[in-house]
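Everything below belongs to coords_13.txt, which stores compact mmCIF, C-alpha atoms.
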```
# COMPACT_ATOMS: atom_id res chain seq x y z
CA MET A 1 88.31 67.98 131.78
CA GLU A 2 88.43 71.51 130.42
CA ALA A 3 90.00 71.89 127.00
CA LYS A 4 93.05 74.08 126.69
CA ILE A 5 94.32 75.83 123.59
CA GLN A 6 97.89 76.75 122.88
CA LEU A 7 98.79 79.19 120.12
CA GLU A 8 102.43 79.11 119.17
CA LYS A 9 103.71 81.96 117.04
CA ILE A 10 106.11 81.02 114.26
CA SER A 11 107.96 83.41 111.97
CA LEU A 12 107.62 82.55 108.32
CA MET A 13 110.91 84.27 107.64
CA SER A 14 112.72 81.20 108.80
CA ASN A 15 115.10 78.58 107.52
CA HIS A 16 112.22 77.11 105.53
CA LEU A 17 112.46 80.02 103.09
CA GLN A 18 115.52 79.43 100.97
CA ASP A 19 114.36 81.09 97.76
CA ASP A 20 115.65 84.66 97.57
CA LYS A 21 113.07 85.49 94.91
CA ILE A 22 110.33 84.62 97.36
CA ARG A 23 111.97 86.62 100.10
CA GLU A 24 112.52 89.77 98.07
CA GLY A 25 109.35 91.83 97.77
CA SER A 26 107.06 88.91 98.46
CA GLY A 27 105.47 90.45 101.49
CA PHE A 28 106.81 87.78 103.81
CA GLN A 29 108.55 90.39 105.92
CA GLY A 30 106.70 90.24 109.22
CA LEU A 31 104.32 87.49 108.11
CA THR A 32 103.69 85.07 110.94
CA THR A 33 101.51 82.09 111.51
CA LYS A 34 100.21 80.46 114.66
CA ARG A 35 100.28 76.72 115.14
CA LEU A 36 97.03 75.71 116.80
CA VAL A 37 97.55 72.96 119.34
CA ILE A 38 94.19 71.34 120.05
CA ILE A 39 93.63 69.30 123.18
CA GLU A 40 90.76 66.84 123.07
CA LYS A 41 87.76 67.40 125.31
CA ASN A 42 85.52 64.43 126.07
CA GLY A 43 87.04 62.57 123.14
CA GLU A 44 86.30 65.37 120.67
CA LYS A 45 88.71 67.85 119.19
CA TYR A 46 88.09 71.42 120.24
CA SER A 47 88.71 74.26 117.80
CA PRO A 48 88.10 77.82 119.06
CA SER A 49 86.31 80.50 117.12
CA PRO A 50 88.22 83.71 116.30
CA ALA A 51 86.21 85.50 118.97
CA GLN A 52 87.12 82.90 121.57
CA LYS A 53 90.80 83.14 120.67
CA ARG A 54 90.70 86.90 121.11
CA GLY A 55 88.57 86.76 124.25
CA LEU A 56 85.66 88.58 122.59
CA LYS A 57 81.96 87.84 122.55
CA MET A 58 80.21 87.26 119.27
CA ALA A 59 77.63 89.87 118.30
CA PRO A 60 74.13 88.38 117.98
CA PRO A 61 73.30 88.03 114.25
CA PRO A 62 71.48 88.99 112.18
CA CYS A 63 71.78 92.77 111.92
CA SER A 64 69.11 94.86 110.25
CA LEU A 65 69.29 97.19 107.28
CA ALA A 66 67.82 99.87 109.54
CA LEU A 67 70.83 99.47 111.81
CA LEU A 68 73.12 99.67 108.79
CA ALA A 69 71.54 102.96 107.70
CA SER A 70 71.94 104.35 111.20
CA LEU A 71 75.53 103.13 111.33
CA LEU A 72 76.44 104.69 107.98
CA LYS A 73 74.96 108.02 109.05
CA PHE A 74 76.91 107.88 112.32
CA LEU A 75 80.16 107.21 110.46
CA LYS A 76 79.63 110.09 108.03
CA ASN A 77 78.92 112.48 110.90
CA SER A 78 81.81 111.30 113.09
CA PHE A 79 84.75 111.15 110.67
CA ASP A 80 86.44 113.63 108.40
CA ASP A 81 86.46 111.25 105.44
CA HIS A 82 86.44 107.62 104.30
CA TYR A 83 88.56 105.62 101.90
CA LEU A 84 88.87 102.33 100.07
CA LEU A 85 91.54 99.83 101.05
CA ARG A 86 93.38 100.44 97.78
CA GLU A 87 93.77 104.08 98.84
CA VAL A 88 95.58 103.20 102.07
CA PRO A 89 98.97 104.68 101.01
CA GLN A 90 97.43 108.15 100.65
CA VAL A 91 95.39 107.61 103.84
CA ARG A 92 98.55 107.12 105.89
CA SER A 93 99.99 110.37 104.54
CA GLN A 94 97.03 112.27 106.00
CA ILE A 95 97.33 110.98 109.54
CA GLN A 96 96.05 114.20 111.12
CA ALA A 97 92.47 113.56 109.89
CA SER A 98 90.18 110.87 111.26
CA LYS A 99 88.93 108.47 108.61
CA PHE A 100 87.27 105.10 108.20
CA ILE A 101 87.31 102.14 105.83
CA ILE A 102 84.35 99.80 105.36
CA ARG A 103 85.44 96.30 104.43
CA HIS A 104 83.04 93.49 103.52
CA ASP A 105 84.32 89.92 103.87
CA VAL A 106 82.16 87.98 101.42
CA GLN A 107 82.18 84.24 102.02
CA ARG A 108 78.44 83.64 101.63
CA ASN A 109 75.50 85.00 99.65
CA LEU A 110 77.21 87.16 97.03
CA PRO A 111 73.86 88.55 95.75
CA TRP A 112 73.18 90.03 99.18
CA ALA A 113 76.60 91.70 99.12
CA LEU A 114 75.35 93.57 96.03
CA THR A 115 72.31 94.73 98.02
CA LEU A 116 74.57 96.20 100.70
CA ALA A 117 76.75 97.77 98.02
CA GLN A 118 73.67 99.51 96.62
CA LYS A 119 72.57 100.72 100.08
CA GLU A 120 76.01 102.15 100.79
CA ALA A 121 76.22 103.83 97.39
CA GLU A 122 72.84 105.46 98.08
CA ALA A 123 74.32 106.79 101.32
CA GLY A 124 77.22 108.30 99.38
CA LEU A 125 79.77 105.84 100.73
CA ARG A 126 82.29 103.56 99.03
CA SER A 127 83.35 100.22 100.49
CA SER A 128 85.87 97.47 99.83
CA PHE A 129 84.27 94.10 99.05
CA LEU A 130 86.75 91.26 99.50
CA VAL A 131 85.39 88.03 98.04
CA ASP A 132 86.41 84.40 98.51
CA LEU A 133 85.71 83.02 95.04
CA ASN A 134 86.45 79.47 96.23
CA SER A 135 83.80 79.48 98.93
CA PRO A 136 81.06 76.90 98.25
CA ASP A 137 78.56 79.20 99.97
CA LEU A 138 78.58 82.17 97.57
CA GLY A 139 75.30 80.91 96.14
CA VAL A 140 76.06 81.73 92.49
CA HIS A 141 77.75 80.21 89.47
CA GLU A 142 80.83 81.80 87.94
CA ARG A 143 78.94 83.74 85.26
CA GLU A 144 76.56 85.28 87.81
CA ALA A 145 79.47 85.99 90.16
CA LYS A 146 81.21 87.88 87.37
CA THR A 147 78.11 89.98 86.71
CA ILE A 148 77.67 90.84 90.40
CA LEU A 149 81.33 91.76 90.89
CA HIS A 150 81.13 94.10 87.91
CA GLN A 151 77.97 95.67 89.33
CA ILE A 152 79.65 96.26 92.69
CA ASN A 153 82.64 97.75 90.93
CA ASP A 154 80.42 100.00 88.79
CA LEU A 155 78.98 101.50 92.00
CA GLU A 156 82.51 102.87 92.65
CA HIS A 157 83.18 100.31 95.36
CA GLU A 158 86.36 98.23 95.39
CA VAL A 159 86.48 94.50 94.72
CA GLY A 160 89.37 92.53 96.18
CA LEU A 161 90.33 89.08 97.37
CA LEU A 162 89.37 87.31 100.59
CA LEU A 163 91.62 84.32 101.15
CA PRO A 164 89.93 80.92 101.58
CA LEU A 165 88.85 79.57 104.93
CA PRO A 166 91.39 77.12 106.38
CA GLU A 167 89.16 74.10 105.75
CA TYR A 168 89.03 74.93 102.03
CA CYS A 169 92.76 75.55 101.67
CA PRO A 170 94.93 72.40 101.35
CA PRO A 171 97.51 72.29 104.18
CA ALA A 172 100.35 72.06 101.66
CA LYS A 173 99.35 75.47 100.28
CA THR A 174 99.80 77.17 103.64
CA ARG A 175 103.44 76.13 103.98
CA PRO A 176 105.76 79.14 103.77
CA THR A 177 107.42 78.11 100.50
CA ASN A 178 104.06 77.43 98.83
CA PHE A 179 101.99 80.31 100.15
CA ILE A 180 102.99 83.13 97.80
CA PRO A 181 102.67 80.98 94.61
CA HIS A 182 99.22 79.84 95.79
CA LEU A 183 98.27 83.43 96.59
CA SER A 184 99.36 84.50 93.11
CA ILE A 185 96.97 81.93 91.59
CA LEU A 186 94.06 83.26 93.66
CA ILE A 187 94.89 86.84 92.69
CA HIS A 188 95.01 85.90 89.00
CA GLN A 189 91.68 84.10 89.31
CA MET A 190 90.02 87.20 90.77
CA GLU A 191 91.59 89.58 88.26
CA GLU A 192 90.53 87.37 85.35
CA LEU A 193 86.93 87.34 86.56
CA LEU A 194 86.90 91.08 87.30
CA GLU A 195 88.80 91.87 84.08
CA GLN A 196 91.01 94.39 85.83
CA PRO A 197 93.75 94.42 88.51
CA ILE A 198 92.92 94.13 92.19
CA PHE A 199 94.81 95.97 94.88
CA SER A 200 93.62 94.61 98.23
CA LEU A 201 93.22 91.33 100.08
CA ALA A 202 92.56 90.00 103.57
CA PHE A 203 92.69 86.84 105.63
CA PRO A 204 89.34 85.59 106.98
CA ASP A 205 88.58 85.82 110.69
CA GLU A 206 89.26 82.10 111.08
CA SER A 207 92.77 82.34 109.69
CA LEU A 208 95.76 81.78 111.95
CA MET A 209 98.15 83.58 109.61
CA TYR A 210 98.56 87.34 109.64
CA PRO A 211 101.12 89.85 108.38
CA GLU A 212 102.36 91.83 111.34
CA GLN A 213 104.21 94.87 110.04
CA SER A 214 104.10 95.87 106.38
CA TYR A 215 100.60 96.36 105.03
CA PHE A 216 101.71 94.85 101.71
CA LEU A 217 101.50 91.14 100.88
CA ALA A 218 102.42 89.89 97.39
CA THR A 219 102.39 93.57 96.30
CA LYS A 220 98.75 93.91 97.45
CA ILE A 221 97.47 95.90 100.42
CA CYS A 222 96.66 93.45 103.21
CA ALA A 223 93.77 94.63 105.35
CA SER A 224 94.58 92.00 108.02
CA SER A 225 98.00 93.45 108.83
CA ALA A 226 98.52 94.72 112.35
CA PHE A 227 99.35 98.08 110.80
CA LEU A 228 95.76 98.40 109.53
CA SER A 229 94.07 96.64 112.43
CA GLN A 230 94.95 98.92 115.31
CA TRP A 231 91.34 100.10 115.36
CA LEU A 232 89.13 97.37 113.93
CA LEU A 233 85.49 96.63 114.66
CA SER A 234 83.61 93.63 113.27
CA ASP A 235 79.94 92.70 113.15
CA ARG A 236 80.94 89.20 114.26
CA LEU A 237 82.74 90.40 117.34
CA HIS A 238 81.23 93.70 118.45
CA ASN A 239 77.92 95.38 119.11
CA LEU A 240 77.70 97.89 116.26
CA HIS A 241 74.88 100.03 117.60
CA PRO A 242 75.97 103.69 117.31
CA GLN A 243 75.18 104.37 120.97
CA VAL A 244 77.78 101.77 121.94
CA TRP A 245 80.27 103.33 119.55
CA GLU A 246 80.31 106.58 121.47
CA ARG A 247 82.46 104.81 124.05
CA GLU A 248 84.91 103.82 121.31
CA PHE A 249 85.38 107.45 120.35
CA SER A 250 86.31 108.51 123.87
CA SER A 251 89.82 107.07 123.37
CA PRO A 252 90.28 105.77 119.78
CA PRO A 253 93.43 103.63 119.35
CA ASP A 254 94.16 105.02 115.88
CA LYS A 255 93.14 107.68 113.37
CA ILE A 256 91.84 105.04 110.97
CA LEU A 257 88.89 102.81 111.80
CA GLN A 258 88.49 99.62 109.78
CA LEU A 259 84.92 98.36 109.99
CA VAL A 260 84.56 94.71 108.91
CA LEU A 261 81.11 93.54 107.86
CA HIS A 262 79.90 90.12 106.73
CA PRO A 263 76.91 90.54 104.37
CA GLU A 264 75.23 87.29 105.42
CA LEU A 265 74.65 88.73 108.91
CA TRP A 266 72.55 91.63 107.60
CA ARG A 267 68.84 91.26 106.84
CA ASP A 268 65.79 93.35 105.89
```
If you took the structure in this file and wrote it as structure tokens, what would it be?
Amino acid sequence: MEAKIQLEKISLMSNHLQDDKIREGSGFQGLTTKRLVIIEKNGEKYSPSPAQKRGLKMAPPPCSLALLASLLKFLKNSFDDHYLLREVPQVRSQIQASKFIIRHDVQRNLPWALTLAQKEAEAGLRSSFLVDLNSPDLGVHEREAKTILHQINDLEHEVGLLLPLPEYCPPAKTRPTNFIPHLSILIHQMEELLEQPIFSLAFPDESLMYPEQSYFLATKICASSAFLSQWLLSDRLHNLHPQVWEREFSSPPDKILQLVLHPELWRD
């Protein structure tokens, strides 16, 4: 028997949200979730990967630092400019120019994220590093994490928040009425460690909850919004060799490219 997956879209602006304070300015406008209905296959539950849900093939990890250098050079030569996620409002006001944003989703190996931050700084590029502080796979204790985040920030990159993977987020916290308060706690945790405000966040690939319209969520810029994902390429889902990219540029879907990298996939 072949397993089947059903994704049912549910608006979070529903009767479950009765608190006007949550509704006003909370970022819930356009926020939707998908209820994943899993059908058992051979007695085992089947859960699709993000790539499978989107009908995409996973790129073969790992990627090399040589490829990264080639990729960064290609980006610099192909776009008018690049920005950080926190600069999105001014990016949208300059729609006539092509631009790109490099976003790192850091769930594993935080020290290696610093290595990539250094490589990109050497190339004259700034990136947005969104970190899941609650991930058990960061490979560092809190004190070391604080030092690394400050080092990334000192390289003129941006540090923001990556929301936890579903398996590390209690189901009760993902309910509409609980989500924004839980998000506020995570934001405070990151800002306390970084010792300054953050401006950007994102949902991980495995998330089934995405904002659809406004690129703001809880007053922060949400990189996962449909508004900012019209042209998105990921090292988990796409072949990032520059020769392949030339096909992308023949008919780009947007003026802004968001490139999503996962540091653990990149090696010497």
Pick the closest to Gln118 of chain A from A:Leu165, A:Ala69, A:Val88, A:Leu233: which is it, counting all atoms listed in the file?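 Going through A:Leu165, A:Ala69, A:Val88, A:Leu233 one by one, the smallest distance to Gln118 of chain A is for A:Ala69.
Minimum atom-to-atom distances from A:Leu163, A:Ala223, A:Cys63, A:Ala97 to Asp80 of chain A were compared using all atoms listed in the file, and the lowest value belongs to A:Ala97.
Non-sequential neighbours of Leu265 of chain A (distance at most 12 Å, separation of 4 or more positions within a chain, all atoms listed in the file) are Met58, Ala59, Pro60, Pro61, Pro62, Cys63, Ser64, Leu65, Leu67, Leu68, His104, Asp105, Val106, Gln107, Arg108, Asn109, Trp112, Ala113, Leu116, Ser234, Asp235, Arg236, Leu237, Val260 and Leu261 of chain A.
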Which residues are close to Ile221 of chain A, i.e. within 6 Å by only C-alpha atoms, leaving aside same-chain residues fewer than 5 positions away? Reply as a list in words.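 The contact residues come out as Ser200, Tyr215 and Phe216 of chain A.
Of the listed residues (A:Ala123, A:Ala145, A:Leu162, A:Met190), A:Leu162 comes nearest to Ser207 of chain A; the distances count only C-alpha atoms.
Surrounding residues of (75.3, 103.8, 89.1) at most 12 Å away are A:Ala117, A:Gln118, A:Lys119, A:Glu120, A:Ala121, A:Glu122, A:Gly124, A:His150, A:Gln151, A:Ile152, A:Asn153, A:Asp154, A:Leu155, A:Glu156, A:His157 (based on only C-alpha atoms).
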Could you check how far atom CA of Ile101 of chain A sits from atom CA of Glu142 of chain A, in Å to one decimal? 27.9 Å
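What separates atom CA of Glu144 of chain A from atom CA of Lys220 of chain A is a distance of 25.7 Å.
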Taking (88.4, 87.4, 97.3) in the coordinates of the supplied file, I want to know which residues reach to within 7 Å of it, counting all atoms listed in the file; could you give the answer as a list in words?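 With a cut-off of 7 Å, the residues come to Leu130, Val131, Asp132, Leu133, Gly160, Leu161, Leu162, Leu163, Met190 and Leu201 of chain A.
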Could you work out how far atom CA of Val159 of chain A lies from atom CA of Asp254 of chain A, giving the answer in Å with one decimal?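 It comes out at 24.8 Å.
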I need the residue nearest Leu194 of chain A from this list: A:Thr147, A:Ser128, A:Ser224, A:Ser98. Use only C-alpha atoms for the distance.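 Using only C-alpha atoms, Leu194 of chain A sits closest to A:Thr147.
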Nearest to Glu87 of chain A among A:Leu193, A:Leu114, A:Cys222, A:Ala66, with distances taken over all atoms listed in the file: which residue is it?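 Smallest separation from Glu87 of chain A among the options: A:Cys222.
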Ranking A:Lys73, A:Gln90, A:Ser78, A:Lys146 by minimum distance to Glu192 of chain A and counting all atoms listed in the file, which one comes first?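 Checking each of A:Lys73, A:Gln90, A:Ser78, A:Lys146 against Glu192 of chain A, counting all atoms listed in the file, the winner is A:Lys146.
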Could you name the residues that touch segment 241-249 of chain A at 8 Å or less, counting all atoms listed in the file, but leaving out those on the same chain fewer than 6 positions away, as a PyMOL selection string? chain A and resi 67+70-71+74
Give me segment 93-207 of chain A from this structure - C-alpha atoms, as a PDB file, in the first residue's frame.
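Everything below was put into selection_30.pdb:
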```pdb
ATOM      1  CA  SER A  93      11.455  50.397  -2.021  1.00  0.00           C
ATOM      2  CA  GLN A  94      14.182  49.796  -4.611  1.00  0.00           C
ATOM      3  CA  ILE A  95      12.350  47.208  -6.654  1.00  0.00           C
ATOM      4  CA  GLN A  96      13.942  48.270  -9.942  1.00  0.00           C
ATOM      5  CA  ALA A  97      17.353  46.832  -8.931  1.00  0.00           C
ATOM      6  CA  SER A  98      18.135  43.130  -8.670  1.00  0.00           C
ATOM      7  CA  LYS A  99      19.402  42.107  -5.257  1.00  0.00           C
ATOM      8  CA  PHE A 100      19.999  39.051  -3.105  1.00  0.00           C
ATOM      9  CA  ILE A 101      19.856  38.033   0.543  1.00  0.00           C
ATOM     10  CA  ILE A 102      21.956  35.221   2.008  1.00  0.00           C
ATOM     11  CA  ARG A 103      20.232  33.534   4.924  1.00  0.00           C
ATOM     12  CA  HIS A 104      21.821  30.834   7.070  1.00  0.00           C
ATOM     13  CA  ASP A 105      19.483  28.544   9.024  1.00  0.00           C
ATOM     14  CA  VAL A 106      21.639  27.361  11.921  1.00  0.00           C
ATOM     15  CA  GLN A 107      20.291  24.274  13.651  1.00  0.00           C
ATOM     16  CA  ARG A 108      23.581  22.383  13.947  1.00  0.00           C
ATOM     17  CA  ASN A 109      27.277  23.088  14.442  1.00  0.00           C
ATOM     18  CA  LEU A 110      27.278  26.756  15.434  1.00  0.00           C
ATOM     19  CA  PRO A 111      31.114  26.974  15.309  1.00  0.00           C
ATOM     20  CA  TRP A 112      31.028  26.077  11.620  1.00  0.00           C
ATOM     21  CA  ALA A 113      28.502  28.856  11.017  1.00  0.00           C
ATOM     22  CA  LEU A 114      31.208  31.241  12.270  1.00  0.00           C
ATOM     23  CA  THR A 115      33.611  29.786   9.695  1.00  0.00           C
ATOM     24  CA  LEU A 116      31.153  30.545   6.896  1.00  0.00           C
ATOM     25  CA  ALA A 117      30.570  34.009   8.343  1.00  0.00           C
ATOM     26  CA  GLN A 118      34.312  34.659   8.127  1.00  0.00           C
ATOM     27  CA  LYS A 119      34.509  33.369   4.533  1.00  0.00           C
ATOM     28  CA  GLU A 120      31.630  35.586   3.460  1.00  0.00           C
ATOM     29  CA  ALA A 121      33.080  38.626   5.213  1.00  0.00           C
ATOM     30  CA  GLU A 122      36.368  38.020   3.370  1.00  0.00           C
ATOM     31  CA  ALA A 123      34.371  38.058   0.126  1.00  0.00           C
ATOM     32  CA  GLY A 124      32.886  41.425   1.085  1.00  0.00           C
ATOM     33  CA  LEU A 125      29.406  40.027   1.703  1.00  0.00           C
ATOM     34  CA  ARG A 126      27.037  40.275   4.658  1.00  0.00           C
ATOM     35  CA  SER A 127      24.590  37.516   5.569  1.00  0.00           C
ATOM     36  CA  SER A 128      21.726  36.889   7.966  1.00  0.00           C
ATOM     37  CA  PHE A 129      22.401  34.045  10.418  1.00  0.00           C
ATOM     38  CA  LEU A 130      19.175  32.787  11.982  1.00  0.00           C
ATOM     39  CA  VAL A 131      19.896  30.502  14.922  1.00  0.00           C
ATOM     40  CA  ASP A 132      17.732  27.993  16.786  1.00  0.00           C
ATOM     41  CA  LEU A 133      19.096  28.378  20.314  1.00  0.00           C
ATOM     42  CA  ASN A 134      16.970  25.454  21.522  1.00  0.00           C
ATOM     43  CA  SER A 135      18.434  22.961  19.093  1.00  0.00           C
ATOM     44  CA  PRO A 136      20.325  20.161  20.891  1.00  0.00           C
ATOM     45  CA  ASP A 137      22.683  19.935  17.910  1.00  0.00           C
ATOM     46  CA  LEU A 138      24.365  23.357  18.076  1.00  0.00           C
ATOM     47  CA  GLY A 139      27.390  21.686  19.648  1.00  0.00           C
ATOM     48  CA  VAL A 140      28.169  24.446  22.161  1.00  0.00           C
ATOM     49  CA  HIS A 141      27.208  25.551  25.652  1.00  0.00           C
ATOM     50  CA  GLU A 142      25.446  28.854  26.242  1.00  0.00           C
ATOM     51  CA  ARG A 143      28.612  30.810  27.058  1.00  0.00           C
ATOM     52  CA  GLU A 144      30.358  29.652  23.872  1.00  0.00           C
ATOM     53  CA  ALA A 145      27.194  30.286  21.854  1.00  0.00           C
ATOM     54  CA  LYS A 146      27.137  33.860  23.146  1.00  0.00           C
ATOM     55  CA  THR A 147      30.765  34.396  22.127  1.00  0.00           C
ATOM     56  CA  ILE A 148      30.191  33.011  18.624  1.00  0.00           C
ATOM     57  CA  LEU A 149      27.035  35.062  18.055  1.00  0.00           C
ATOM     58  CA  HIS A 150      28.907  38.211  19.031  1.00  0.00           C
ATOM     59  CA  GLN A 151      31.741  37.293  16.664  1.00  0.00           C
ATOM     60  CA  ILE A 152      29.299  36.802  13.781  1.00  0.00           C
ATOM     61  CA  ASN A 153      27.662  40.103  14.613  1.00  0.00           C
ATOM     62  CA  ASP A 154      31.039  41.878  14.776  1.00  0.00           C
ATOM     63  CA  LEU A 155      31.712  40.769  11.186  1.00  0.00           C
ATOM     64  CA  GLU A 156      28.753  43.024  10.199  1.00  0.00           C
ATOM     65  CA  HIS A 157      26.479  40.059   9.606  1.00  0.00           C
ATOM     66  CA  GLU A 158      23.002  39.882  11.120  1.00  0.00           C
ATOM     67  CA  VAL A 159      21.991  37.468  13.877  1.00  0.00           C
ATOM     68  CA  GLY A 160      18.323  36.543  14.148  1.00  0.00           C
ATOM     69  CA  LEU A 161      16.021  33.784  15.323  1.00  0.00           C
ATOM     70  CA  LEU A 162      15.281  30.441  13.693  1.00  0.00           C
ATOM     71  CA  LEU A 163      12.175  28.914  15.229  1.00  0.00           C
ATOM     72  CA  PRO A 164      12.511  25.410  16.727  1.00  0.00           C
ATOM     73  CA  LEU A 165      11.954  22.261  14.734  1.00  0.00           C
ATOM     74  CA  PRO A 166       8.463  20.818  15.271  1.00  0.00           C
ATOM     75  CA  GLU A 167       9.754  17.891  17.334  1.00  0.00           C
ATOM     76  CA  TYR A 168      11.354  20.300  19.809  1.00  0.00           C
ATOM     77  CA  CYS A 169       8.338  22.584  20.095  1.00  0.00           C
ATOM     78  CA  PRO A 170       5.547  21.340  22.426  1.00  0.00           C
ATOM     79  CA  PRO A 171       2.273  20.980  20.479  1.00  0.00           C
ATOM     80  CA  ALA A 172       0.504  23.307  22.916  1.00  0.00           C
ATOM     81  CA  LYS A 173       2.890  26.110  21.913  1.00  0.00           C
ATOM     82  CA  THR A 174       1.882  25.905  18.261  1.00  0.00           C
ATOM     83  CA  ARG A 175      -1.800  26.551  18.962  1.00  0.00           C
ATOM     84  CA  PRO A 176      -2.895  29.929  17.585  1.00  0.00           C
ATOM     85  CA  THR A 177      -3.595  31.511  20.980  1.00  0.00           C
ATOM     86  CA  ASN A 178      -0.242  30.358  22.387  1.00  0.00           C
ATOM     87  CA  PHE A 179       2.033  30.952  19.423  1.00  0.00           C
ATOM     88  CA  ILE A 180       2.776  34.672  19.746  1.00  0.00           C
ATOM     89  CA  PRO A 181       3.474  34.505  23.532  1.00  0.00           C
ATOM     90  CA  HIS A 182       5.813  31.553  22.925  1.00  0.00           C
ATOM     91  CA  LEU A 183       7.482  33.425  20.068  1.00  0.00           C
ATOM     92  CA  SER A 184       7.995  36.438  22.330  1.00  0.00           C
ATOM     93  CA  ILE A 185       9.853  34.219  24.828  1.00  0.00           C
ATOM     94  CA  LEU A 186      12.170  32.910  22.102  1.00  0.00           C
ATOM     95  CA  ILE A 187      12.840  36.437  20.850  1.00  0.00           C
ATOM     96  CA  HIS A 188      13.665  37.615  24.373  1.00  0.00           C
ATOM     97  CA  GLN A 189      15.994  34.650  24.855  1.00  0.00           C
ATOM     98  CA  MET A 190      17.937  35.521  21.697  1.00  0.00           C
ATOM     99  CA  GLU A 191      18.086  39.245  22.458  1.00  0.00           C
ATOM    100  CA  GLU A 192      19.334  38.569  25.990  1.00  0.00           C
ATOM    101  CA  LEU A 193      22.133  36.361  24.677  1.00  0.00           C
ATOM    102  CA  LEU A 194      23.048  38.783  21.881  1.00  0.00           C
ATOM    103  CA  GLU A 195      22.658  41.804  24.178  1.00  0.00           C
ATOM    104  CA  GLN A 196      20.863  43.792  21.511  1.00  0.00           C
ATOM    105  CA  PRO A 197      17.538  43.683  19.617  1.00  0.00           C
ATOM    106  CA  ILE A 198      16.968  41.274  16.749  1.00  0.00           C
ATOM    107  CA  PHE A 199      14.938  42.149  13.696  1.00  0.00           C
ATOM    108  CA  SER A 200      14.479  38.945  11.697  1.00  0.00           C
ATOM    109  CA  LEU A 201      13.227  35.392  12.116  1.00  0.00           C
ATOM    110  CA  ALA A 202      12.248  32.376  10.037  1.00  0.00           C
ATOM    111  CA  PHE A 203      10.490  29.042  10.263  1.00  0.00           C
ATOM    112  CA  PRO A 204      12.663  25.962   9.581  1.00  0.00           C
ATOM    113  CA  ASP A 205      12.175  23.955   6.398  1.00  0.00           C
ATOM    114  CA  GLU A 206      10.315  21.278   8.351  1.00  0.00           C
ATOM    115  CA  SER A 207       7.708  23.686   9.664  1.00  0.00           C
TER     116      SER A 207
END
```
